[in-house]
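Text of my_file24.csv (CSV, C-alpha atoms) as supplied:
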```csv
chain,number,residue,atom,x,y,z
A,1,MET,CA,3.6,48.5,-15.9
A,2,ASP,CA,3.9,45.0,-14.4
A,3,GLN,CA,3.8,42.7,-17.4
A,4,THR,CA,3.4,39.6,-15.2
A,5,ASN,CA,0.3,41.0,-13.6
A,6,ASP,CA,-1.1,42.0,-17.0
A,7,LEU,CA,-0.5,38.4,-18.2
A,8,ASP,CA,-2.2,37.0,-15.2
A,9,ARG,CA,-5.3,39.3,-15.6
A,10,GLU,CA,-5.5,38.6,-19.3
A,11,VAL,CA,-5.4,34.8,-18.7
A,12,ASP,CA,-8.1,35.1,-16.1
A,13,ASP,CA,-10.3,37.0,-18.5
A,14,ALA,CA,-9.8,34.4,-21.2
A,15,MET,CA,-10.6,31.7,-18.7
A,16,ARG,CA,-13.9,33.3,-17.7
A,17,LEU,CA,-14.8,33.8,-21.3
A,18,PHE,CA,-14.1,30.1,-22.1
A,19,GLU,CA,-16.0,28.8,-19.1
A,20,ARG,CA,-19.1,30.7,-20.2
A,21,ALA,CA,-18.9,29.0,-23.6
A,22,HIS,CA,-20.8,25.7,-24.2
A,23,VAL,CA,-18.6,22.8,-23.3
A,24,GLY,CA,-20.3,20.4,-25.7
A,25,SER,CA,-20.7,16.7,-25.4
A,26,ALA,CA,-17.8,14.3,-25.5
A,27,ALA,CA,-17.2,10.7,-24.8
A,28,PRO,CA,-15.4,10.0,-21.4
A,29,ILE,CA,-11.7,9.2,-21.6
A,30,PRO,CA,-10.9,5.5,-20.6
A,31,PRO,CA,-8.8,5.7,-17.4
A,32,ILE,CA,-5.3,4.1,-17.8
A,33,ARG,CA,-3.9,2.4,-14.7
A,34,PRO,CA,-0.6,0.9,-13.8
A,35,ALA,CA,-0.4,-2.9,-14.0
A,36,ARG,CA,3.3,-3.8,-14.0
A,37,ILE,CA,5.9,-1.4,-12.5
A,38,LEU,CA,9.6,-1.0,-12.8
A,39,LEU,CA,10.8,0.5,-9.5
A,40,VAL,CA,14.2,2.1,-9.8
A,41,LEU,CA,16.3,2.6,-6.6
A,42,ASP,CA,19.4,4.8,-6.4
A,43,GLY,CA,20.4,4.8,-2.7
A,44,SER,CA,19.1,8.4,-2.2
A,45,ASP,CA,16.6,9.8,0.3
A,46,GLN,CA,13.9,9.4,-2.4
A,47,ASP,CA,14.1,5.6,-2.3
A,48,LEU,CA,11.7,5.4,0.7
A,49,THR,CA,9.2,7.7,-1.2
A,50,SER,CA,9.5,5.5,-4.3
A,51,ILE,CA,9.0,2.3,-2.3
A,52,ARG,CA,6.0,3.7,-0.6
A,53,SER,CA,4.6,4.8,-4.0
A,54,ALA,CA,5.0,1.3,-5.4
A,55,ASP,CA,3.4,-0.2,-2.3
A,56,TYR,CA,0.5,2.3,-2.6
A,57,LEU,CA,-0.1,1.3,-6.2
A,58,ARG,CA,0.1,-2.4,-5.2
A,59,GLY,CA,-2.7,-1.9,-2.7
A,60,ARG,CA,-4.8,0.4,-5.0
A,61,HIS,CA,-4.3,-1.3,-8.4
A,62,ASN,CA,-3.0,-4.8,-7.6
A,63,THR,CA,0.2,-4.1,-9.5
A,64,GLU,CA,3.2,-6.3,-9.9
A,65,THR,CA,6.5,-4.6,-9.1
A,66,LEU,CA,10.0,-5.4,-10.6
A,67,ILE,CA,12.7,-3.7,-8.5
A,68,LEU,CA,16.1,-2.6,-9.9
A,69,ASP,CA,19.0,-1.3,-7.8
A,70,ALA,CA,20.4,0.9,-10.5
A,71,ARG,CA,23.5,2.1,-8.7
A,72,GLU,CA,26.8,1.5,-10.5
A,73,ALA,CA,28.2,0.1,-7.3
A,74,ASN,CA,25.6,-2.7,-7.5
A,75,VAL,CA,26.9,-4.2,-10.7
A,76,GLY,CA,27.6,-7.9,-10.1
A,77,GLN,CA,26.7,-7.5,-6.4
A,78,GLY,CA,23.3,-9.3,-6.5
A,79,ALA,CA,20.0,-7.8,-5.7
A,80,GLY,CA,21.4,-5.0,-3.4
A,81,LEU,CA,18.8,-2.5,-2.3
A,82,ALA,CA,16.2,-4.2,-4.5
A,83,GLY,CA,16.4,-7.4,-2.4
A,84,GLU,CA,15.8,-5.3,0.7
A,85,ALA,CA,12.8,-3.6,-0.9
A,86,VAL,CA,11.1,-6.8,-1.9
A,87,GLY,CA,10.0,-7.4,1.6
A,88,GLN,CA,8.3,-4.1,1.7
A,89,ILE,CA,6.1,-4.4,-1.4
A,90,GLY,CA,3.7,-7.3,-2.1
A,91,ASN,CA,3.9,-9.2,-5.4
A,92,SER,CA,7.4,-7.9,-6.1
A,93,ARG,CA,10.8,-9.3,-7.1
A,94,SER,CA,14.2,-7.9,-7.8
A,95,ILE,CA,15.9,-8.0,-11.2
A,96,GLU,CA,19.6,-7.9,-12.0
A,97,ARG,CA,21.4,-4.8,-13.1
A,98,ILE,CA,23.7,-4.9,-16.2
A,99,GLN,CA,27.0,-3.1,-16.5
A,100,GLY,CA,27.0,0.5,-17.9
A,101,ASP,CA,25.4,3.8,-16.9
A,102,ALA,CA,22.3,3.9,-14.8
A,103,PHE,CA,20.1,4.9,-17.7
A,104,ASP,CA,21.5,2.1,-19.8
A,105,ALA,CA,20.6,-0.4,-17.1
A,106,ILE,CA,17.1,1.0,-16.8
A,107,LEU,CA,16.4,1.0,-20.5
A,108,HIS,CA,17.8,-2.6,-20.8
A,109,SER,CA,15.4,-3.7,-18.0
A,110,LEU,CA,12.5,-2.1,-20.0
A,111,LYS,CA,13.5,-4.1,-23.0
A,112,GLN,CA,13.7,-7.3,-21.0
A,113,HIS,CA,10.5,-6.9,-19.0
A,114,GLN,CA,7.2,-5.5,-20.2
A,115,VAL,CA,6.0,-2.8,-17.8
A,116,ASN,CA,3.6,0.1,-18.2
A,117,LEU,CA,5.1,2.4,-15.6
A,118,VAL,CA,8.6,3.3,-14.3
A,119,ILE,CA,9.1,4.9,-10.8
A,120,LEU,CA,12.3,6.9,-10.9
A,121,PRO,CA,13.8,9.2,-8.3
A,122,CYS,CA,15.0,12.7,-9.2
A,123,PRO,CA,17.7,13.8,-9.1
A,124,PHE,CA,19.1,10.3,-9.6
A,125,GLY,CA,21.7,9.3,-7.0
A,126,ARG,CA,21.6,12.8,-5.3
A,127,SER,CA,19.7,14.3,-2.5
A,128,PHE,CA,16.8,16.5,-3.5
A,129,GLU,CA,17.4,18.8,-0.6
A,130,THR,CA,21.0,19.3,-1.7
A,131,VAL,CA,20.4,19.8,-5.5
A,132,GLY,CA,17.0,21.5,-5.3
A,133,GLN,CA,15.9,23.0,-8.6
A,134,ASP,CA,19.4,23.4,-10.0
A,135,SER,CA,19.4,20.1,-12.0
A,136,ALA,CA,17.2,17.1,-12.8
A,137,GLY,CA,20.3,15.1,-13.7
A,138,THR,CA,21.6,13.2,-16.7
A,139,VAL,CA,19.6,10.1,-16.0
A,140,ILE,CA,16.3,12.0,-16.1
A,141,ASP,CA,17.3,13.8,-19.3
A,142,VAL,CA,18.1,10.6,-21.1
A,143,MET,CA,15.0,8.8,-19.8
A,144,LEU,CA,12.8,11.7,-21.0
A,145,SER,CA,14.2,11.2,-24.5
A,146,ARG,CA,14.3,7.4,-24.6
A,147,CYS,CA,11.8,5.9,-22.2
A,148,PRO,CA,8.8,4.3,-24.1
A,149,VAL,CA,6.5,4.1,-21.1
A,150,PRO,CA,5.2,6.7,-18.5
A,151,LEU,CA,7.6,7.8,-15.9
A,152,LEU,CA,6.5,8.6,-12.3
A,153,ILE,CA,9.2,10.8,-11.0
A,154,THR,CA,9.5,11.2,-7.2
A,155,ARG,CA,10.9,14.4,-5.7
A,156,ARG,CA,10.6,15.7,-2.2
A,157,THR,CA,10.3,13.0,0.5
A,158,ASP,CA,7.3,14.4,2.2
A,159,GLN,CA,5.2,14.2,-1.0
A,160,THR,CA,3.5,10.9,-0.6
A,161,LEU,CA,1.7,9.5,-3.7
A,162,ALA,CA,-1.3,8.3,-1.6
A,163,GLU,CA,-2.0,11.9,-0.7
A,164,CYS,CA,-0.9,13.5,-3.9
A,165,VAL,CA,-3.4,11.6,-6.1
A,166,LYS,CA,-6.2,13.4,-4.3
A,167,ARG,CA,-5.4,16.4,-6.4
A,168,VAL,CA,-4.2,15.7,-10.0
A,169,CYS,CA,-3.2,18.5,-12.4
A,170,VAL,CA,-2.7,17.8,-16.2
A,171,LEU,CA,-0.3,20.6,-17.4
A,172,VAL,CA,-0.4,21.4,-21.1
A,173,SER,CA,1.5,24.3,-22.7
A,174,SER,CA,0.7,23.6,-26.3
A,175,GLU,CA,-1.2,21.2,-28.5
A,176,CYS,CA,0.2,17.7,-28.1
A,177,ASP,CA,-0.8,14.4,-29.7
A,178,VAL,CA,-0.5,12.5,-26.4
A,179,GLU,CA,-2.5,14.8,-24.2
A,180,SER,CA,-5.6,12.6,-24.2
A,181,ARG,CA,-3.5,9.6,-23.1
A,182,ALA,CA,-2.0,11.8,-20.4
A,183,ALA,CA,-5.6,12.6,-19.2
A,184,GLY,CA,-6.4,8.9,-19.2
A,185,TRP,CA,-3.4,8.3,-16.9
A,186,ALA,CA,-4.5,11.2,-14.7
A,187,PHE,CA,-7.9,9.8,-14.1
A,188,GLY,CA,-6.5,6.3,-13.7
A,189,MET,CA,-4.1,7.4,-11.0
A,190,ALA,CA,-6.5,9.8,-9.3
A,191,ALA,CA,-8.0,8.8,-6.0
A,192,PRO,CA,-11.8,8.3,-5.6
A,193,GLN,CA,-13.5,11.7,-5.5
A,194,ALA,CA,-10.2,13.4,-6.4
A,195,GLU,CA,-9.9,16.9,-7.7
A,196,VAL,CA,-8.7,16.9,-11.3
A,197,SER,CA,-7.7,19.9,-13.4
A,198,LEU,CA,-6.6,20.7,-16.9
A,199,ASN,CA,-4.1,23.5,-16.6
A,200,LEU,CA,-3.5,25.4,-19.9
A,201,VAL,CA,-0.2,27.1,-19.3
A,202,VAL,CA,0.8,30.3,-21.2
A,203,GLU,CA,4.6,30.5,-20.8
A,204,LYS,CA,6.0,34.0,-21.1
A,205,GLU,CA,8.7,32.8,-23.6
A,206,HIS,CA,6.2,31.1,-25.7
A,207,PHE,CA,4.0,34.1,-25.7
A,208,GLU,CA,6.8,36.4,-26.7
A,209,ASN,CA,7.9,34.1,-29.6
A,210,VAL,CA,4.3,34.0,-30.9
A,211,ARG,CA,3.8,37.7,-30.6
A,212,SER,CA,7.0,38.4,-32.4
A,213,LEU,CA,6.0,36.2,-35.3
A,214,ILE,CA,2.5,37.6,-35.5
A,215,GLU,CA,3.7,41.2,-35.4
A,216,ALA,CA,6.3,40.5,-38.1
A,217,ILE,CA,3.6,39.1,-40.4
A,218,HIS,CA,1.1,41.8,-39.5
A,219,PRO,CA,2.9,45.0,-38.6
A,220,GLY,CA,1.0,47.3,-36.3
A,221,GLU,CA,-1.3,44.5,-35.1
A,222,ARG,CA,-1.2,44.1,-31.3
A,223,PHE,CA,-1.1,40.5,-30.0
A,224,ASP,CA,-1.6,40.2,-26.3
A,225,SER,CA,-1.6,37.1,-24.0
A,226,SER,CA,-5.4,36.9,-23.9
A,227,LYS,CA,-5.4,36.0,-27.6
A,228,LEU,CA,-2.9,33.2,-27.0
A,229,SER,CA,-4.9,32.0,-24.1
A,230,GLU,CA,-8.0,32.0,-26.2
A,231,ILE,CA,-6.2,30.0,-28.9
A,232,LEU,CA,-5.1,27.4,-26.3
A,233,THR,CA,-8.6,27.0,-24.9
A,234,LYS,CA,-10.2,26.6,-28.3
A,235,THR,CA,-7.6,24.1,-29.4
A,236,HIS,CA,-8.2,22.1,-26.2
A,237,GLN,CA,-12.0,22.4,-26.1
A,238,ASN,CA,-12.5,18.7,-27.1
A,239,LEU,CA,-10.0,17.6,-24.4
A,240,HIS,CA,-11.8,19.8,-21.8
A,241,ALA,CA,-15.2,18.4,-22.7
A,242,ALA,CA,-13.9,14.8,-22.6
A,243,MET,CA,-12.2,15.4,-19.2
A,244,ASN,CA,-15.3,17.0,-17.9
A,245,ALA,CA,-17.4,14.0,-19.0
A,246,THR,CA,-14.9,11.6,-17.5
A,247,ALA,CA,-14.9,13.4,-14.1
A,248,HIS,CA,-18.7,13.3,-14.1
A,249,GLU,CA,-18.8,9.6,-14.8
A,250,MET,CA,-16.1,8.8,-12.2
A,251,LYS,CA,-17.7,11.2,-9.6
A,252,MET,CA,-14.6,13.5,-9.4
A,253,ASN,CA,-14.3,17.2,-9.3
A,254,TYR,CA,-12.9,18.8,-12.4
A,255,HIS,CA,-11.7,22.3,-13.3
A,256,LEU,CA,-10.3,24.1,-16.4
A,257,LEU,CA,-7.5,26.4,-15.3
A,258,PRO,CA,-5.8,28.5,-18.0
A,259,GLN,CA,-2.8,30.0,-16.2
A,260,ALA,CA,0.3,32.2,-16.7
A,261,GLY,CA,3.4,30.1,-16.5
A,262,GLU,CA,4.6,32.0,-13.4
A,263,THR,CA,1.5,30.9,-11.4
A,264,ALA,CA,1.0,27.4,-12.8
A,265,PRO,CA,2.1,24.4,-10.7
A,266,PRO,CA,4.6,23.8,-9.4
A,267,ASN,CA,4.9,27.1,-7.6
A,268,PRO,CA,7.0,27.4,-5.5
A,269,LEU,CA,9.6,24.7,-4.8
A,270,SER,CA,8.8,24.9,-1.1
A,271,ASP,CA,5.0,24.4,-1.7
A,272,PRO,CA,3.8,22.2,1.2
A,273,GLY,CA,0.6,21.2,-0.7
A,274,GLN,CA,0.4,17.7,-2.1
A,275,GLN,CA,-0.5,17.0,-5.7
A,276,LEU,CA,0.4,14.9,-8.7
A,277,LEU,CA,1.4,16.7,-11.8
A,278,VAL,CA,0.8,14.9,-15.2
A,279,LEU,CA,2.6,16.1,-18.2
A,280,PRO,CA,2.3,14.9,-21.8
A,281,LEU,CA,5.6,14.8,-23.7
A,282,GLU,CA,6.3,14.7,-27.4
A,283,VAL,CA,10.0,13.9,-27.5
A,284,ASP,CA,10.6,15.5,-30.9
A,285,ASP,CA,8.9,18.8,-29.8
A,286,ARG,CA,11.7,21.0,-28.4
A,287,PHE,CA,9.3,23.5,-26.7
A,288,THR,CA,7.3,20.7,-25.0
A,289,GLN,CA,10.5,19.0,-23.9
A,290,GLY,CA,11.8,22.2,-22.4
A,291,PHE,CA,8.5,22.9,-20.6
A,292,VAL,CA,8.6,19.4,-19.1
A,293,GLN,CA,12.2,19.6,-18.0
A,294,ASP,CA,11.6,23.0,-16.4
A,295,ARG,CA,8.5,21.7,-14.5
A,296,ILE,CA,10.5,18.7,-13.2
A,297,ARG,CA,13.3,20.9,-11.9
A,298,ARG,CA,10.9,23.3,-10.2
A,299,SER,CA,8.6,20.7,-8.7
A,300,PRO,CA,8.6,19.3,-5.1
A,301,HIS,CA,5.6,17.1,-6.2
A,302,PRO,CA,5.7,13.8,-8.0
A,303,ILE,CA,5.4,14.1,-11.7
A,304,LEU,CA,3.9,11.6,-14.1
A,305,ILE,CA,5.4,12.0,-17.6
A,306,VAL,CA,3.4,10.4,-20.4
A,307,PRO,CA,5.5,10.1,-23.5
A,308,GLY,CA,4.4,10.1,-27.1
A,309,HIS,CA,6.7,9.4,-30.0
A,310,VAL,CA,10.0,7.8,-28.9
A,311,PRO,CA,12.8,7.5,-31.4
A,312,GLY,CA,13.9,4.0,-32.2
```

Target format C-alpha cells, applied to this file:
Amino acid sequence: MDQTNDLDREVDDAMRLFERAHVGSAAPIPPIRPARILLVLDGSDQDLTSIRSADYLRGRHNTETLILDAREANVGQGAGLAGEAVGQIGNSRSIERIQGDAFDAILHSLKQHQVNLVILPCPFGRSFETVGQDSAGTVIDVMLSRCPVPLLITRRTDQTLAECVKRVCVLVSSECDVESRAAGWAFGMAAPQAEVSLNLVVEKEHFENVRSLIEAIHPGERFDSSKLSEILTKTHQNLHAAMNATAHEMKMNYHLLPQAGETAPPNPLSDPGQQLLVLPLEVDDRFTQGFVQDRIRRSPHPILIVPGHVPG
C-alpha cells in the first residue's frame, strides 16, 4: 500500500470536513508592513534579486533601505557593493561592515540600526544554482537562531518579489505562538487582490512520532493521519477565521489548505511558479526550527521567516 497516497487522501478528507464546519466570527488581523529594511549583499547571483526586492518594497511601502556589503573581503574597504546599490534604490544609504564573520556583521548592524525587515540571500556567498537544496549555509542557520526581526530570504533569481506577492502561503506545521504575527506579515506583504492561503502541513516524521506516542499510551488504538490533520485544523480554527476575515476586508482571495508534507510548498525545487512563503518560527522549538530549515533548503521561492522568541 502506498502510504504517501493514503496520507494525501486522509488529509484531503479532513480538509473537506473542516471546510464544511462553521468558521465563526473573528476580528481581522492588522497587516504588518516593512518600514525600514536592512538589505544584505554577498556578491552572489542573488544580489540583483535582493536589490530588486528592496526597490519593489520602496515603491510599494515607501520603505527606507540600509545596505550592507557583508562580504569578508569588504572589511575596511568602504561601501563596496552597497555603494553601488544605493543608486538603484530610492531612499537608501550604505552602512559600514565591522570585522568578523558575516553573521556577526549583520547582527551588529541590527543592533546599531532599528529595522523591521532583513533581506538576505541564501545560500550566503554561494550560487543557488550550484548549491541547490544541499545546504542553506551557516549564515542562514545563525540568523534563524539569533535574528530578532523578520527575514526575507531570496533564493532563485527568476523569483521576483513583485510577482511572488500575488500568491502568499502561510505554512504552519504545528501550533506556534507567533503564527498570528506571521499572518499579519503575509497580508502586509501581499499584493492587492492577492491569493493568500493557510497551509497546515502534516509532516510524515511528525505524524509517525505522534502515532508512536499515542499507540504506546493506548495499545491497540489506531491513529491515522486524518486524526492529526483534524487536530491541526481545530487548533488553528481561530487563525483560519481571522485570516478569512482579513482577506474579506482587504478584498483578497483566501484558502485553507491542510496538506501532506510531501505536497506542501515548496514542491519541487524546479517549480517555475512564483509565490512568497511565510513561515512562523519559534527558535526554542526544535521541530518548528527543523521544519523551517527544510523548507528553506527546498524552496526556489522567496521565504519570509517571522521569528518569535529570540534568546538574549

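The space separating atom CA of Ser174 of chain A from atom CA of Gly308 of chain A comes to 14.0 Å.
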
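You will find atom CA of Pro150 of chain A at 14.2 Å from atom CA of Phe187 of chain A.
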
For segment 160-164 of chain A: contacts at 6 Å, all atoms listed in the file, fewer than 6 positions along chain excluded, given as a VMD selection string = chain A and resid 53 274 to 276

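Using all atoms listed in the file, the nearest neighbour of Glu72 of chain A within the list A:Leu41, A:Ile95, A:Ala194, A:Leu151 is A:Leu41.
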
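For the choices A:Ser180, A:Gln112, A:Ser145, A:Thr49, the atom-to-atom distance to Gln289 of chain A is smallest for A:Ser145 when using all atoms listed in the file.
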
Measuring atom to atom with all atoms listed in the file, identify which of A:Pro265, A:Gly83, A:Gly137, A:Pro34 is nearest to Val172 of chain A.
-> A:Pro265

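Residues in contact with Ala186 of chain A at up to 9 Å, not including ones fewer than 3 positions away on its chain and judged by all atoms listed in the file, are Pro31, Ile32, Arg33, Val165, Val168, Cys169, Val170, Arg181, Ala182, Ala183, Met189, Ala190, Val196, Leu276, Leu277, Val278 and Leu304 of chain A.
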
Could you write out the selected residues, including C-alpha atoms, as a PDB file, in the frame of the given file?
```pdb
ATOM      1  CA  PRO A  31      -8.800   5.700 -17.400  1.00  0.00           C
ATOM      2  CA  ILE A  32      -5.300   4.100 -17.800  1.00  0.00           C
ATOM      3  CA  ARG A  33      -3.900   2.400 -14.700  1.00  0.00           C
ATOM      4  CA  VAL A 165      -3.400  11.600  -6.100  1.00  0.00           C
ATOM      5  CA  VAL A 168      -4.200  15.700 -10.000  1.00  0.00           C
ATOM      6  CA  CYS A 169      -3.200  18.500 -12.400  1.00  0.00           C
ATOM      7  CA  VAL A 170      -2.700  17.800 -16.200  1.00  0.00           C
ATOM      8  CA  ARG A 181      -3.500   9.600 -23.100  1.00  0.00           C
ATOM      9  CA  ALA A 182      -2.000  11.800 -20.400  1.00  0.00           C
ATOM     10  CA  ALA A 183      -5.600  12.600 -19.200  1.00  0.00           C
ATOM     11  CA  MET A 189      -4.100   7.400 -11.000  1.00  0.00           C
ATOM     12  CA  ALA A 190      -6.500   9.800  -9.300  1.00  0.00           C
ATOM     13  CA  VAL A 196      -8.700  16.900 -11.300  1.00  0.00           C
ATOM     14  CA  LEU A 276       0.400  14.900  -8.700  1.00  0.00           C
ATOM     15  CA  LEU A 277       1.400  16.700 -11.800  1.00  0.00           C
ATOM     16  CA  VAL A 278       0.800  14.900 -15.200  1.00  0.00           C
ATOM     17  CA  LEU A 304       3.900  11.600 -14.100  1.00  0.00           C
TER      18      LEU A 304
END
```

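Atom CA of His301 of chain A lies 11.9 Å from atom CA of Gln46 of chain A.
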
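Comparing the minimum interatomic distances between Pro300 of chain A and each of A:Ala191, A:Cys176, A:Val142, A:Ile153, counting only C-alpha atoms, we find that A:Ile153 sits nearest.
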
Determine, counting all atoms listed in the file, which protein, DNA and RNA residues have an atom within 10 Å of an atom of Ser94 of chain A; residues of the same chain fewer than 4 positions away are not included. Present the result as number ranges by chain.
-> A: 38-39, 65-69, 78-86

Have a look at A:Leu200, A:Val283, A:Leu48, A:Leu152 and name the one nearest to Thr263 of chain A; count all atoms listed in the file.
-> A:Leu200

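Ranking A:Leu120, A:Ile89, A:Met143, A:Ile98 by their shortest atom-to-atom distance to Asp47 of chain A, with all atoms listed in the file included, puts A:Leu120 first.
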
Which neighbours of Asn253 of chain A fall inside 9 Å, counting only C-alpha atoms, when residues of the same chain fewer than 6 positions from it are skipped, and could you give them as a ChimeraX atom specification?
-> /A:193-197,244,247

Neighbourhood query: residues within 10 Å of (22.4, -0.6, -16.6), file coordinates, counting all atoms listed in the file; return as a count of residues only.
-> 21

Generate the coordinates of all heavy atoms for segment 254-263 of chain A; report them as a compact mmCIF listing (two decimals), in the frame of the given file.
```
# COMPACT_ATOMS: atom_id res chain seq x y z
N TYR A 254 -13.79 18.44 -11.32
CA TYR A 254 -12.90 18.80 -12.40
C TYR A 254 -12.97 20.33 -12.66
O TYR A 254 -14.03 20.97 -12.52
CB TYR A 254 -13.39 18.11 -13.73
CG TYR A 254 -12.73 18.66 -14.98
CD1 TYR A 254 -11.39 18.39 -15.25
CD2 TYR A 254 -13.44 19.48 -15.85
CE1 TYR A 254 -10.78 18.92 -16.38
CE2 TYR A 254 -12.83 20.00 -16.98
CZ TYR A 254 -11.50 19.72 -17.24
OH TYR A 254 -10.90 20.26 -18.35
N HIS A 255 -11.81 20.89 -13.03
CA HIS A 255 -11.70 22.30 -13.30
C HIS A 255 -10.82 22.56 -14.51
O HIS A 255 -9.82 21.86 -14.70
CB HIS A 255 -11.12 23.07 -12.10
CG HIS A 255 -11.81 22.82 -10.81
ND1 HIS A 255 -13.01 23.42 -10.46
CD2 HIS A 255 -11.49 22.01 -9.77
CE1 HIS A 255 -13.39 23.00 -9.27
NE2 HIS A 255 -12.48 22.14 -8.83
N LEU A 256 -11.18 23.56 -15.29
CA LEU A 256 -10.30 24.10 -16.40
C LEU A 256 -9.60 25.29 -15.82
O LEU A 256 -10.25 26.23 -15.33
CB LEU A 256 -11.13 24.42 -17.60
CG LEU A 256 -10.34 25.13 -18.71
CD1 LEU A 256 -9.39 24.15 -19.40
CD2 LEU A 256 -11.28 25.77 -19.72
N LEU A 257 -8.27 25.32 -15.93
CA LEU A 257 -7.50 26.40 -15.30
C LEU A 257 -6.46 26.95 -16.32
O LEU A 257 -5.29 26.57 -16.25
CB LEU A 257 -6.81 25.96 -14.05
CG LEU A 257 -7.71 25.49 -12.91
CD1 LEU A 257 -6.86 24.91 -11.78
CD2 LEU A 257 -8.56 26.64 -12.39
N PRO A 258 -6.83 27.84 -17.25
CA PRO A 258 -5.80 28.50 -18.00
C PRO A 258 -4.97 29.41 -17.06
O PRO A 258 -5.54 30.13 -16.24
CB PRO A 258 -6.59 29.39 -19.00
CG PRO A 258 -7.93 28.74 -19.09
CD PRO A 258 -8.18 28.19 -17.72
N GLN A 259 -3.66 29.33 -17.16
CA GLN A 259 -2.80 30.00 -16.20
C GLN A 259 -1.56 30.58 -16.86
O GLN A 259 -1.05 30.01 -17.83
CB GLN A 259 -2.36 29.07 -15.08
CG GLN A 259 -3.48 28.56 -14.19
CD GLN A 259 -2.97 27.54 -13.19
OE1 GLN A 259 -2.36 26.55 -13.57
NE2 GLN A 259 -3.20 27.79 -11.92
N ALA A 260 -1.06 31.69 -16.31
CA ALA A 260 0.30 32.20 -16.70
C ALA A 260 1.31 31.22 -16.16
O ALA A 260 1.13 30.62 -15.10
CB ALA A 260 0.47 33.58 -16.15
N GLY A 261 2.40 31.08 -16.89
CA GLY A 261 3.40 30.10 -16.50
C GLY A 261 3.98 30.40 -15.10
O GLY A 261 4.35 29.47 -14.37
N GLU A 262 4.00 31.68 -14.69
CA GLU A 262 4.60 32.00 -13.40
C GLU A 262 3.71 31.54 -12.23
O GLU A 262 4.19 31.36 -11.11
CB GLU A 262 4.72 33.56 -13.27
CG GLU A 262 5.78 34.15 -14.20
CD GLU A 262 5.26 34.36 -15.61
OE1 GLU A 262 4.07 34.06 -15.87
OE2 GLU A 262 6.04 34.81 -16.46
N THR A 263 2.42 31.32 -12.47
CA THR A 263 1.50 30.90 -11.40
C THR A 263 1.06 29.47 -11.50
O THR A 263 0.43 28.95 -10.58
CB THR A 263 0.27 31.82 -11.36
OG1 THR A 263 -0.42 31.73 -12.61
CG2 THR A 263 0.66 33.26 -11.11
```
